[in-house]
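File shown: work30.pdb. Contents: PDB, C-alpha atoms.
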```
MODEL        1
ATOM      1  CA  MET Y   1      -8.870   2.304  -3.160  1.00  0.00           C
ATOM      2  CA  LEU Y   2      -6.689   5.115  -4.440  1.00  0.00           C
ATOM      3  CA  LEU Y   3      -3.616   2.980  -3.820  1.00  0.00           C
ATOM      4  CA  HIS Y   4      -5.175   0.006  -5.611  1.00  0.00           C
ATOM      5  CA  SER Y   5      -6.035   2.176  -8.604  1.00  0.00           C
ATOM      6  CA  LEU Y   6      -2.493   3.457  -8.895  1.00  0.00           C
ATOM      7  CA  THR Y   7      -0.795   0.075  -8.466  1.00  0.00           C
ATOM      8  CA  ALA Y   8      -3.181  -2.118 -10.480  1.00  0.00           C
ATOM      9  CA  GLN Y   9      -3.920  -0.037 -13.539  1.00  0.00           C
ATOM     10  CA  GLY Y  10      -5.975  -1.714 -16.243  1.00  0.00           C
ATOM     11  CA  SER Y  11      -7.155  -4.467 -13.894  1.00  0.00           C
ATOM     12  CA  GLY Y  12     -10.674  -3.076 -13.425  1.00  0.00           C
ATOM     13  CA  VAL Y  13     -10.238  -3.091  -9.645  1.00  0.00           C
ATOM     14  CA  ASP Y  14     -12.846  -0.956  -7.859  1.00  0.00           C
ATOM     15  CA  ILE Y  15     -14.585  -0.116 -11.146  1.00  0.00           C
ATOM     16  CA  VAL Y  16     -18.362  -0.357 -10.717  1.00  0.00           C
ATOM     17  CA  GLN Y  17     -20.702  -0.770 -13.695  1.00  0.00           C
ATOM     18  CA  GLU Y  18     -24.429  -0.156 -13.254  1.00  0.00           C
ATOM     19  CA  ILE Y  19     -26.808  -1.058 -16.106  1.00  0.00           C
ATOM     20  CA  ALA Y  20     -30.396   0.044 -16.623  1.00  0.00           C
ATOM     21  CA  ASP Y  21     -32.715  -1.018 -19.450  1.00  0.00           C
ATOM     22  CA  LEU Y  22     -35.353   1.609 -20.224  1.00  0.00           C
ATOM     23  CA  ASP Y  23     -38.207   0.400 -22.404  1.00  0.00           C
ATOM     24  CA  GLU Y  24     -39.742   3.747 -23.252  1.00  0.00           C
ATOM     25  CA  ASP Y  25     -39.479   6.609 -25.690  1.00  0.00           C
ATOM     26  CA  LEU Y  26     -36.778   8.378 -23.715  1.00  0.00           C
ATOM     27  CA  ASP Y  27     -36.078  12.069 -24.033  1.00  0.00           C
ATOM     28  CA  VAL Y  28     -32.295  11.704 -24.062  1.00  0.00           C
ATOM     29  CA  ASP Y  29     -31.596  15.437 -23.725  1.00  0.00           C
ATOM     30  CA  ALA Y  30     -33.812  15.631 -20.641  1.00  0.00           C
ATOM     31  CA  PHE Y  31     -32.192  12.482 -19.283  1.00  0.00           C
ATOM     32  CA  GLU Y  32     -28.747  14.046 -19.601  1.00  0.00           C
ATOM     33  CA  ARG Y  33     -29.903  17.231 -17.873  1.00  0.00           C
ATOM     34  CA  SER Y  34     -31.312  15.156 -15.025  1.00  0.00           C
ATOM     35  CA  TRP Y  35     -27.862  13.675 -14.410  1.00  0.00           C
ATOM     36  CA  HIS Y  36     -26.434  17.187 -14.372  1.00  0.00           C
ATOM     37  CA  HIS Y  37     -28.930  18.205 -11.683  1.00  0.00           C
ATOM     38  CA  VAL Y  38     -27.988  15.249  -9.492  1.00  0.00           C
ATOM     39  CA  ALA Y  39     -24.251  15.737 -10.023  1.00  0.00           C
ATOM     40  CA  ILE Y  40     -24.561  19.354  -8.945  1.00  0.00           C
ATOM     41  CA  ARG Y  41     -26.423  18.210  -5.804  1.00  0.00           C
ATOM     42  CA  HIS Y  42     -23.741  15.725  -4.773  1.00  0.00           C
ATOM     43  CA  SER Y  43     -20.142  16.922  -4.792  1.00  0.00           C
ATOM     44  CA  MET Y  44     -18.820  13.347  -4.673  1.00  0.00           C
ATOM     45  CA  MET Y  45     -20.004  12.935  -8.276  1.00  0.00           C
ATOM     46  CA  ARG Y  46     -17.607  15.755  -9.193  1.00  0.00           C
ATOM     47  CA  THR Y  47     -14.711  14.648  -6.999  1.00  0.00           C
ATOM     48  CA  SER Y  48     -11.085  13.959  -7.803  1.00  0.00           C
ATOM     49  CA  PHE Y  49      -8.203  12.930  -5.548  1.00  0.00           C
ATOM     50  CA  GLU Y  50      -4.887  14.672  -5.033  1.00  0.00           C
ATOM     51  CA  TRP Y  51      -1.920  12.988  -3.405  1.00  0.00           C
ATOM     52  CA  LYS Y  52       1.261  14.188  -5.092  1.00  0.00           C
ATOM     53  CA  LYS Y  53       3.574  16.108  -2.723  1.00  0.00           C
ATOM     54  CA  LEU Y  54       0.993  15.790   0.054  1.00  0.00           C
ATOM     55  CA  ASP Y  55       1.283  14.023   3.394  1.00  0.00           C
ATOM     56  CA  ARG Y  56      -2.121  12.439   2.910  1.00  0.00           C
ATOM     57  CA  PRO Y  57      -4.544  12.307  -0.041  1.00  0.00           C
ATOM     58  CA  VAL Y  58      -7.360  14.826  -0.210  1.00  0.00           C
ATOM     59  CA  GLN Y  59     -10.577  15.043  -2.207  1.00  0.00           C
ATOM     60  CA  ARG Y  60     -11.385  18.057  -4.331  1.00  0.00           C
ATOM     61  CA  ALA Y  61     -14.814  18.908  -5.703  1.00  0.00           C
ATOM     62  CA  HIS Y  62     -14.974  20.450  -9.191  1.00  0.00           C
ATOM     63  CA  ASP Y  63     -17.615  22.073 -11.365  1.00  0.00           C
ATOM     64  CA  THR Y  64     -17.209  19.338 -13.987  1.00  0.00           C
ATOM     65  CA  VAL Y  65     -20.340  17.221 -14.469  1.00  0.00           C
ATOM     66  CA  PRO Y  66     -20.502  13.903 -16.342  1.00  0.00           C
ATOM     67  CA  ARG Y  67     -21.422  13.960 -20.018  1.00  0.00           C
ATOM     68  CA  LEU Y  68     -23.698  11.415 -21.627  1.00  0.00           C
ATOM     69  CA  GLU Y  69     -22.126   9.510 -24.524  1.00  0.00           C
ATOM     70  CA  ARG Y  70     -24.731   8.359 -27.054  1.00  0.00           C
ATOM     71  CA  ARG Y  71     -24.607   5.304 -29.300  1.00  0.00           C
ATOM     72  CA  ASP Y  72     -27.251   4.172 -31.771  1.00  0.00           C
ATOM     73  CA  TRP Y  73     -27.327   0.401 -32.255  1.00  0.00           C
ATOM     74  CA  ARG Y  74     -30.755   0.088 -33.854  1.00  0.00           C
ATOM     75  CA  SER Y  75     -29.235  -1.281 -37.057  1.00  0.00           C
ATOM     76  CA  LEU Y  76     -27.803  -4.304 -35.210  1.00  0.00           C
ATOM     77  CA  SER Y  77     -29.663  -7.536 -34.567  1.00  0.00           C
ATOM     78  CA  ALA Y  78     -30.582  -8.388 -30.976  1.00  0.00           C
ATOM     79  CA  LYS Y  79     -27.779 -10.939 -30.792  1.00  0.00           C
ATOM     80  CA  ASP Y  80     -25.226  -8.534 -32.220  1.00  0.00           C
ATOM     81  CA  GLN Y  81     -26.358  -5.893 -29.725  1.00  0.00           C
ATOM     82  CA  GLU Y  82     -25.745  -8.243 -26.814  1.00  0.00           C
ATOM     83  CA  ASP Y  83     -22.371  -9.343 -28.203  1.00  0.00           C
ATOM     84  CA  GLU Y  84     -21.310  -5.749 -28.766  1.00  0.00           C
ATOM     85  CA  PHE Y  85     -22.485  -4.754 -25.303  1.00  0.00           C
ATOM     86  CA  GLU Y  86     -20.556  -7.555 -23.587  1.00  0.00           C
ATOM     87  CA  ALA Y  87     -17.432  -6.503 -25.473  1.00  0.00           C
ATOM     88  CA  PHE Y  88     -18.055  -2.881 -24.537  1.00  0.00           C
ATOM     89  CA  LEU Y  89     -18.396  -3.835 -20.849  1.00  0.00           C
ATOM     90  CA  ARG Y  90     -15.049  -5.625 -20.871  1.00  0.00           C
ATOM     91  CA  SER Y  91     -13.331  -2.730 -22.617  1.00  0.00           C
ATOM     92  CA  ASP Y  92     -14.965  -0.153 -20.352  1.00  0.00           C
ATOM     93  CA  ARG Y  93     -13.888  -2.009 -17.193  1.00  0.00           C
ATOM     94  CA  GLY Y  94     -10.300  -1.953 -18.384  1.00  0.00           C
ATOM     95  CA  ARG Y  95     -10.324   1.812 -18.903  1.00  0.00           C
ATOM     96  CA  ASP Y  96      -8.615   3.467 -15.972  1.00  0.00           C
ATOM     97  CA  PHE Y  97      -9.860   6.650 -14.410  1.00  0.00           C
ATOM     98  CA  GLU Y  98      -7.301   9.366 -13.892  1.00  0.00           C
ATOM     99  CA  MET Y  99      -7.856   9.770 -10.176  1.00  0.00           C
ATOM    100  CA  ASP Y 100      -6.768  13.412 -10.166  1.00  0.00           C
ATOM    101  CA  ARG Y 101      -9.267  14.361 -12.880  1.00  0.00           C
ATOM    102  CA  ALA Y 102     -13.012  14.696 -12.334  1.00  0.00           C
ATOM    103  CA  PRO Y 103     -15.498  13.279 -12.886  1.00  0.00           C
ATOM    104  CA  LEU Y 104     -14.530   9.726 -11.936  1.00  0.00           C
ATOM    105  CA  MET Y 105     -17.559   8.349 -13.718  1.00  0.00           C
ATOM    106  CA  ARG Y 106     -18.800   7.714 -17.246  1.00  0.00           C
ATOM    107  CA  LEU Y 107     -22.295   7.596 -18.731  1.00  0.00           C
ATOM    108  CA  VAL Y 108     -23.156   5.867 -21.994  1.00  0.00           C
ATOM    109  CA  ILE Y 109     -26.638   5.372 -23.428  1.00  0.00           C
ATOM    110  CA  PHE Y 110     -27.302   2.841 -26.175  1.00  0.00           C
ATOM    111  CA  ARG Y 111     -30.412   3.077 -28.330  1.00  0.00           C
ATOM    112  CA  LEU Y 112     -31.459  -0.486 -29.126  1.00  0.00           C
ATOM    113  CA  ALA Y 113     -34.894   0.148 -30.659  1.00  0.00           C
ATOM    114  CA  PRO Y 114     -37.247   3.124 -31.242  1.00  0.00           C
ATOM    115  CA  ALA Y 115     -38.430   2.829 -27.618  1.00  0.00           C
ATOM    116  CA  ALA Y 116     -35.648   0.814 -25.957  1.00  0.00           C
ATOM    117  CA  TYR Y 117     -32.485   2.165 -24.373  1.00  0.00           C
ATOM    118  CA  ARG Y 118     -29.724   0.774 -22.203  1.00  0.00           C
ATOM    119  CA  VAL Y 119     -27.746   2.976 -19.835  1.00  0.00           C
ATOM    120  CA  LEU Y 120     -24.267   2.109 -18.602  1.00  0.00           C
ATOM    121  CA  TRP Y 121     -23.131   4.085 -15.583  1.00  0.00           C
ATOM    122  CA  THR Y 122     -19.497   3.400 -14.703  1.00  0.00           C
ATOM    123  CA  PHE Y 123     -17.878   4.946 -11.656  1.00  0.00           C
ATOM    124  CA  HIS Y 124     -14.973   4.431  -9.313  1.00  0.00           C
ATOM    125  CA  HIS Y 125     -15.886   2.760  -6.054  1.00  0.00           C
ATOM    126  CA  ALA Y 126     -14.001   5.475  -4.148  1.00  0.00           C
ATOM    127  CA  LEU Y 127     -16.911   7.826  -4.925  1.00  0.00           C
ATOM    128  CA  MET Y 128     -19.704   5.829  -3.307  1.00  0.00           C
ATOM    129  CA  ASP Y 129     -20.820   2.436  -2.082  1.00  0.00           C
ATOM    130  CA  GLY Y 130     -23.751   0.227  -3.023  1.00  0.00           C
ATOM    131  CA  TRP Y 131     -26.150   2.012  -0.669  1.00  0.00           C
ATOM    132  CA  CYS Y 132     -25.746   5.212  -2.685  1.00  0.00           C
ATOM    133  CA  VAL Y 133     -26.611   3.685  -6.065  1.00  0.00           C
ATOM    134  CA  PRO Y 134     -30.431   3.441  -5.657  1.00  0.00           C
ATOM    135  CA  ILE Y 135     -30.483   6.951  -4.175  1.00  0.00           C
ATOM    136  CA  VAL Y 136     -28.777   8.347  -7.275  1.00  0.00           C
ATOM    137  CA  TRP Y 137     -31.080   6.450  -9.665  1.00  0.00           C
ATOM    138  CA  ARG Y 138     -34.149   7.619  -7.741  1.00  0.00           C
ATOM    139  CA  GLU Y 139     -33.050  11.249  -7.893  1.00  0.00           C
ATOM    140  CA  VAL Y 140     -32.133  11.014 -11.583  1.00  0.00           C
ATOM    141  CA  PHE Y 141     -35.609   9.778 -12.527  1.00  0.00           C
ATOM    142  CA  ALA Y 142     -37.300  12.323 -10.267  1.00  0.00           C
ATOM    143  CA  ALA Y 143     -35.286  15.069 -11.979  1.00  0.00           C
ATOM    144  CA  TYR Y 144     -36.068  13.562 -15.391  1.00  0.00           C
ATOM    145  CA  ASP Y 145     -39.821  13.729 -14.755  1.00  0.00           C
ATOM    146  CA  ALA Y 146     -39.499  17.351 -13.649  1.00  0.00           C
ATOM    147  CA  VAL Y 147     -37.410  18.362 -16.672  1.00  0.00           C
ATOM    148  CA  ARG Y 148     -39.809  16.698 -19.113  1.00  0.00           C
ATOM    149  CA  GLU Y 149     -42.817  18.341 -17.461  1.00  0.00           C
ATOM    150  CA  ARG Y 150     -41.041  21.714 -17.441  1.00  0.00           C
ATOM    151  CA  ARG Y 151     -41.203  21.848 -13.655  1.00  0.00           C
ATOM    152  CA  GLN Y 152     -38.492  23.022 -11.321  1.00  0.00           C
ATOM    153  CA  VAL Y 153     -36.424  20.109 -10.078  1.00  0.00           C
ATOM    154  CA  ALA Y 154     -37.367  20.088  -6.393  1.00  0.00           C
ATOM    155  CA  LEU Y 155     -35.530  17.483  -4.347  1.00  0.00           C
ATOM    156  CA  GLU Y 156     -34.969  17.490  -0.619  1.00  0.00           C
ATOM    157  CA  MET Y 157     -31.774  19.262   0.335  1.00  0.00           C
ATOM    158  CA  ALA Y 158     -28.825  16.885   0.289  1.00  0.00           C
ATOM    159  CA  ARG Y 159     -26.670  17.072   3.381  1.00  0.00           C
ATOM    160  CA  PRO Y 160     -22.989  17.313   2.410  1.00  0.00           C
ATOM    161  CA  TYR Y 161     -20.744  14.384   3.239  1.00  0.00           C
ATOM    162  CA  ARG Y 162     -18.453  16.855   4.940  1.00  0.00           C
ATOM    163  CA  ASP Y 163     -20.974  17.062   7.800  1.00  0.00           C
ATOM    164  CA  TYR Y 164     -20.530  13.339   8.421  1.00  0.00           C
ATOM    165  CA  VAL Y 165     -16.734  13.676   8.348  1.00  0.00           C
ATOM    166  CA  ASP Y 166     -16.908  16.507  10.896  1.00  0.00           C
ATOM    167  CA  TRP Y 167     -19.191  14.405  13.120  1.00  0.00           C
ATOM    168  CA  LEU Y 168     -16.844  11.447  12.842  1.00  0.00           C
ATOM    169  CA  GLU Y 169     -13.829  13.550  13.733  1.00  0.00           C
ATOM    170  CA  GLY Y 170     -15.642  14.868  16.802  1.00  0.00           C
ATOM    171  CA  LEU Y 171     -16.377  11.451  18.310  1.00  0.00           C
ATOM    172  CA  ASP Y 172     -14.883  10.378  21.610  1.00  0.00           C
ATOM    173  CA  ARG Y 173     -12.335   7.908  20.290  1.00  0.00           C
ATOM    174  CA  SER Y 174     -11.188   6.877  23.727  1.00  0.00           C
ATOM    175  CA  GLY Y 175     -14.668   5.567  24.481  1.00  0.00           C
ATOM    176  CA  SER Y 176     -14.791   3.673  21.199  1.00  0.00           C
ATOM    177  CA  GLU Y 177     -11.384   2.154  21.820  1.00  0.00           C
ATOM    178  CA  ALA Y 178     -12.421   0.979  25.291  1.00  0.00           C
ATOM    179  CA  PHE Y 179     -15.554  -0.643  23.842  1.00  0.00           C
ATOM    180  CA  TRP Y 180     -13.708  -2.603  21.172  1.00  0.00           C
ATOM    181  CA  ARG Y 181     -10.891  -3.629  23.518  1.00  0.00           C
ATOM    182  CA  ASP Y 182     -13.451  -5.058  25.891  1.00  0.00           C
ATOM    183  CA  LEU Y 183     -15.400  -6.792  23.116  1.00  0.00           C
ATOM    184  CA  LEU Y 184     -12.291  -8.348  21.551  1.00  0.00           C
ATOM    185  CA  LYS Y 185     -10.662  -9.237  24.856  1.00  0.00           C
ATOM    186  CA  GLY Y 186      -9.007 -12.623  24.597  1.00  0.00           C
ATOM    187  CA  PHE Y 187      -8.065 -12.466  20.922  1.00  0.00           C
ATOM    188  CA  ARG Y 188      -4.330 -12.960  20.446  1.00  0.00           C
ATOM    189  CA  SER Y 189      -4.075 -13.287  16.653  1.00  0.00           C
ATOM    190  CA  PRO Y 190      -5.856 -11.816  13.612  1.00  0.00           C
ATOM    191  CA  ALA Y 191      -9.176 -13.451  12.749  1.00  0.00           C
ATOM    192  CA  PRO Y 192      -8.992 -15.181   9.321  1.00  0.00           C
ATOM    193  CA  LEU Y 193     -10.906 -13.711   6.429  1.00  0.00           C
ATOM    194  CA  ALA Y 194     -13.564 -15.765   4.679  1.00  0.00           C
ATOM    195  CA  VAL Y 195     -11.351 -16.075   1.600  1.00  0.00           C
ATOM    196  CA  ASP Y 196      -8.643 -17.649   3.744  1.00  0.00           C
ATOM    197  CA  ARG Y 197     -10.860 -20.509   4.830  1.00  0.00           C
ATOM    198  CA  VAL Y 198     -10.711 -23.823   3.022  1.00  0.00           C
ATOM    199  CA  ASP Y 199     -13.505 -26.226   2.193  1.00  0.00           C
ATOM    200  CA  GLN Y 200     -12.443 -29.250   4.246  1.00  0.00           C
ATOM    201  CA  LYS Y 201     -14.392 -31.683   2.067  1.00  0.00           C
ATOM    202  CA  GLU Y 202     -12.812 -30.729  -1.226  1.00  0.00           C
ATOM    203  CA  ASP Y 203      -9.702 -29.009   0.098  1.00  0.00           C
ATOM    204  CA  ARG Y 204     -10.178 -25.952  -2.081  1.00  0.00           C
ATOM    205  CA  PRO Y 205     -10.904 -22.275  -1.377  1.00  0.00           C
ATOM    206  CA  LEU Y 206     -14.494 -21.150  -1.108  1.00  0.00           C
ATOM    207  CA  PHE Y 207     -15.827 -18.863  -3.821  1.00  0.00           C
ATOM    208  CA  HIS Y 208     -18.904 -16.695  -3.989  1.00  0.00           C
ATOM    209  CA  GLY Y 209     -21.547 -17.596  -6.536  1.00  0.00           C
ATOM    210  CA  SER Y 210     -24.326 -15.696  -8.240  1.00  0.00           C
ATOM    211  CA  GLU Y 211     -27.956 -16.406  -8.999  1.00  0.00           C
ATOM    212  CA  LEU Y 212     -30.129 -14.815 -11.668  1.00  0.00           C
ATOM    213  CA  ALA Y 213     -33.855 -14.308 -11.064  1.00  0.00           C
ATOM    214  CA  ARG Y 214     -36.110 -13.053 -13.853  1.00  0.00           C
ATOM    215  CA  LEU Y 215     -39.248 -11.166 -12.832  1.00  0.00           C
ATOM    216  CA  SER Y 216     -42.381 -10.970 -14.942  1.00  0.00           C
ATOM    217  CA  GLU Y 217     -42.970  -7.875 -17.055  1.00  0.00           C
ATOM    218  CA  PRO Y 218     -46.124  -6.795 -15.096  1.00  0.00           C
ATOM    219  CA  LEU Y 219     -44.254  -7.048 -11.788  1.00  0.00           C
ATOM    220  CA  THR Y 220     -41.295  -5.121 -13.140  1.00  0.00           C
ATOM    221  CA  SER Y 221     -43.563  -2.376 -14.498  1.00  0.00           C
ATOM    222  CA  THR Y 222     -45.370  -2.110 -11.169  1.00  0.00           C
ATOM    223  CA  TYR Y 223     -42.069  -1.771  -9.327  1.00  0.00           C
ATOM    224  CA  ALA Y 224     -40.842   0.881 -11.777  1.00  0.00           C
ATOM    225  CA  ARG Y 225     -43.991   2.956 -11.244  1.00  0.00           C
ATOM    226  CA  TRP Y 226     -43.633   2.607  -7.481  1.00  0.00           C
ATOM    227  CA  ARG Y 227     -40.014   3.796  -7.567  1.00  0.00           C
ATOM    228  CA  ARG Y 228     -40.947   6.857  -9.555  1.00  0.00           C
ATOM    229  CA  SER Y 229     -43.837   7.722  -7.252  1.00  0.00           C
ATOM    230  CA  THR Y 230     -41.663   7.434  -4.153  1.00  0.00           C
ATOM    231  CA  ALA Y 231     -38.904   9.498  -5.752  1.00  0.00           C
ATOM    232  CA  SER Y 232     -41.102  12.590  -6.018  1.00  0.00           C
ATOM    233  CA  PRO Y 233     -40.697  15.044  -3.098  1.00  0.00           C
TER     234      PRO Y 233
ENDMDL
END
```
Please re-express this file's structure in structure tokens.
Amino acid sequence: MLLHSLTAQGSGVDIVQEIADLDEDLDVDAFERSWHHVAIRHSMMRTSFEWKKLDRPVQRAHDTVPRLERRDWRSLSAKDQEDEFEAFLRSDRGRDFEMDRAPLMRLVIFRLAPAAYRVLWTFHHALMDGWCVPIVWREVFAAYDAVRERRQVALEMARPYRDYVDWLEGLDRSGSEAFWRDLLKGFRSPAPLAVDRVDQKEDRPLFHGSELARLSEPLTSTYARWRRSTASP
């Protein structure tokens, strides 16, 4: 991913954009502090990469935490808000991260109405995968509730990723190699990737599609309350 970022600048490769619509009277200052709490908990949210004059790239954790950029779009019509947001998404995706400068993430909050906000969380995929995203959101909202209620932010201790790296390095690689050699015995050429396969009927490459499902407002509200209740320690 580091190589892709350096060789395909401006392409938006490995740039992840997460969007959350918050229909409530949000305390934006408390919301920003909640992100600070979570960023302090997880060093990967404060990570940069160094590779110059090194044999192999390394990660470095900094004290820098992401700042929340604020934009007030209440004066725009609903259509203009959506048009502006789509344009902002395209522009934001084309903005490269400087991989040797932390944090490799951006936070922007748009105020759309007196009690309606939209949050755009942009980060480089080298920081985390899709499994991490709901964990971060859950912790942010748990911290937000604590900050607003003037309670201490009490989340379960986060185990550092370094522990996993140490465990991985300590594995018996000879045993793993024997397992995979036995499992793949008989293969004499690389297996084709899905993108290399061709639709025989139409003689064209296969592409992934997307499907949009809209949930009712009561169901969405119920799910939001459940997420917040399960986020509390």
* To do: Check what the PyMOL selection byres ((chain Y and resi 155) around 12) selects in the file above and give those residues as a PyMOL selection string.
  => chain Y and resi 34+37-38+41-42+135-136+138-146+151-154+156-159+230-233
Those selected residues, please, written with C-alpha atoms and delivered as a PDB file, in the frame of the given file.
```pdb
ATOM      1  CA  SER Y  34     -31.312  15.156 -15.025  1.00  0.00           C
ATOM      2  CA  HIS Y  37     -28.930  18.205 -11.683  1.00  0.00           C
ATOM      3  CA  VAL Y  38     -27.988  15.249  -9.492  1.00  0.00           C
ATOM      4  CA  ARG Y  41     -26.423  18.210  -5.804  1.00  0.00           C
ATOM      5  CA  HIS Y  42     -23.741  15.725  -4.773  1.00  0.00           C
ATOM      6  CA  ILE Y 135     -30.483   6.951  -4.175  1.00  0.00           C
ATOM      7  CA  VAL Y 136     -28.777   8.347  -7.275  1.00  0.00           C
ATOM      8  CA  ARG Y 138     -34.149   7.619  -7.741  1.00  0.00           C
ATOM      9  CA  GLU Y 139     -33.050  11.249  -7.893  1.00  0.00           C
ATOM     10  CA  VAL Y 140     -32.133  11.014 -11.583  1.00  0.00           C
ATOM     11  CA  PHE Y 141     -35.609   9.778 -12.527  1.00  0.00           C
ATOM     12  CA  ALA Y 142     -37.300  12.323 -10.267  1.00  0.00           C
ATOM     13  CA  ALA Y 143     -35.286  15.069 -11.979  1.00  0.00           C
ATOM     14  CA  TYR Y 144     -36.068  13.562 -15.391  1.00  0.00           C
ATOM     15  CA  ASP Y 145     -39.821  13.729 -14.755  1.00  0.00           C
ATOM     16  CA  ALA Y 146     -39.499  17.351 -13.649  1.00  0.00           C
ATOM     17  CA  ARG Y 151     -41.203  21.848 -13.655  1.00  0.00           C
ATOM     18  CA  GLN Y 152     -38.492  23.022 -11.321  1.00  0.00           C
ATOM     19  CA  VAL Y 153     -36.424  20.109 -10.078  1.00  0.00           C
ATOM     20  CA  ALA Y 154     -37.367  20.088  -6.393  1.00  0.00           C
ATOM     21  CA  GLU Y 156     -34.969  17.490  -0.619  1.00  0.00           C
ATOM     22  CA  MET Y 157     -31.774  19.262   0.335  1.00  0.00           C
ATOM     23  CA  ALA Y 158     -28.825  16.885   0.289  1.00  0.00           C
ATOM     24  CA  ARG Y 159     -26.670  17.072   3.381  1.00  0.00           C
ATOM     25  CA  THR Y 230     -41.663   7.434  -4.153  1.00  0.00           C
ATOM     26  CA  ALA Y 231     -38.904   9.498  -5.752  1.00  0.00           C
ATOM     27  CA  SER Y 232     -41.102  12.590  -6.018  1.00  0.00           C
ATOM     28  CA  PRO Y 233     -40.697  15.044  -3.098  1.00  0.00           C
TER      29      PRO Y 233
END
```
* To do: Report the distance between CA of Thr7 (chain Y) and CA of Pro66 (chain Y) in Å, rounded to one decimal place.
  => 25.3 Å
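From CA of Met105 (chain Y) back to CA of Val133 (chain Y), the distance works out to 12.7 Å.
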* What is the CA of Arg118 (chain Y)-CA of Asp25 (chain Y) distance in Å, reported with one decimal? -> 11.9 Å
Which residues of region 89-170 of chain Y come within 8 Å of region 8-13 of chain Y, and what is each one's closest atom pair and distance in Å (one decimal), counting only C-alpha atoms, sorted by chain and residue number, as CSV?
```
residue,atom,partner,partner_atom,distance
Y:Arg93,CA,Y:Gly12,CA,5.1
Y:Gly94,CA,Y:Gly10,CA,4.8
Y:Arg95,CA,Y:Gly10,CA,6.2
Y:Asp96,CA,Y:Gly10,CA,5.8
```
Counting all atoms listed in the file, which residues in region 29-48 of chain Y sit no more than 12 Å from region 126-131 of chain Y? For each one, give the nearest pair of atoms and the distance in Å, sorted by chain then residue number, as a Markdown table.
```
| residue | atom | partner | partner_atom | distance |
| --- | --- | --- | --- | --- |
| Y:Ala39 | CA | Y:Leu127 | CA | 11.9 |
| Y:His42 | CA | Y:Leu127 | CA | 10.4 |
| Y:Ser43 | CA | Y:Leu127 | CA | 9.7 |
| Y:Met44 | CA | Y:Leu127 | CA | 5.8 |
| Y:Met45 | CA | Y:Leu127 | CA | 6.8 |
| Y:Arg46 | CA | Y:Leu127 | CA | 9.0 |
| Y:Thr47 | CA | Y:Leu127 | CA | 7.5 |
| Y:Ser48 | CA | Y:Leu127 | CA | 8.9 |
```
* To do: Go through Y:Tyr117, Y:Phe110, Y:Phe123, Y:Trp35 and flag the residue nearest Glu18 (chain Y), using all atoms listed in the file for the distances.
  =>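 Of all the options, Y:Phe123 lies closest to Glu18 (chain Y).
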* To do: Starting from the shown file, work through the PyMOL selection byres ((chain Y and resi 112) around 6) and note down what comes out as JSON, numbers by chain.
  => {"Y": [73, 74, 111, 113, 116, 117]}
* **Answer as a list in words, residues within 7 Å of (-25.3, -2.6, -21.6) using all atoms listed in the file** =>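 Looking at atoms near the point gives Ile19, Phe85, Arg118, Val119 and Leu120 of chain Y.
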* **Exercise: Asp14 (chain Y) partners within 9 Å, all atoms listed in the file, chain neighbours under 5 positions left out, as a list in words** => Met1, His4, Ser5, Phe123, His124, His125 and Ala126 of chain Y
* Which one of Y:Tyr223, Y:Glu24, Y:Glu177, Y:Leu107 sits closest to Asp92 (chain Y) if you count only C-alpha atoms? ->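 Residue with the minimum atom-to-atom distance to Asp92 (chain Y): Y:Leu107.
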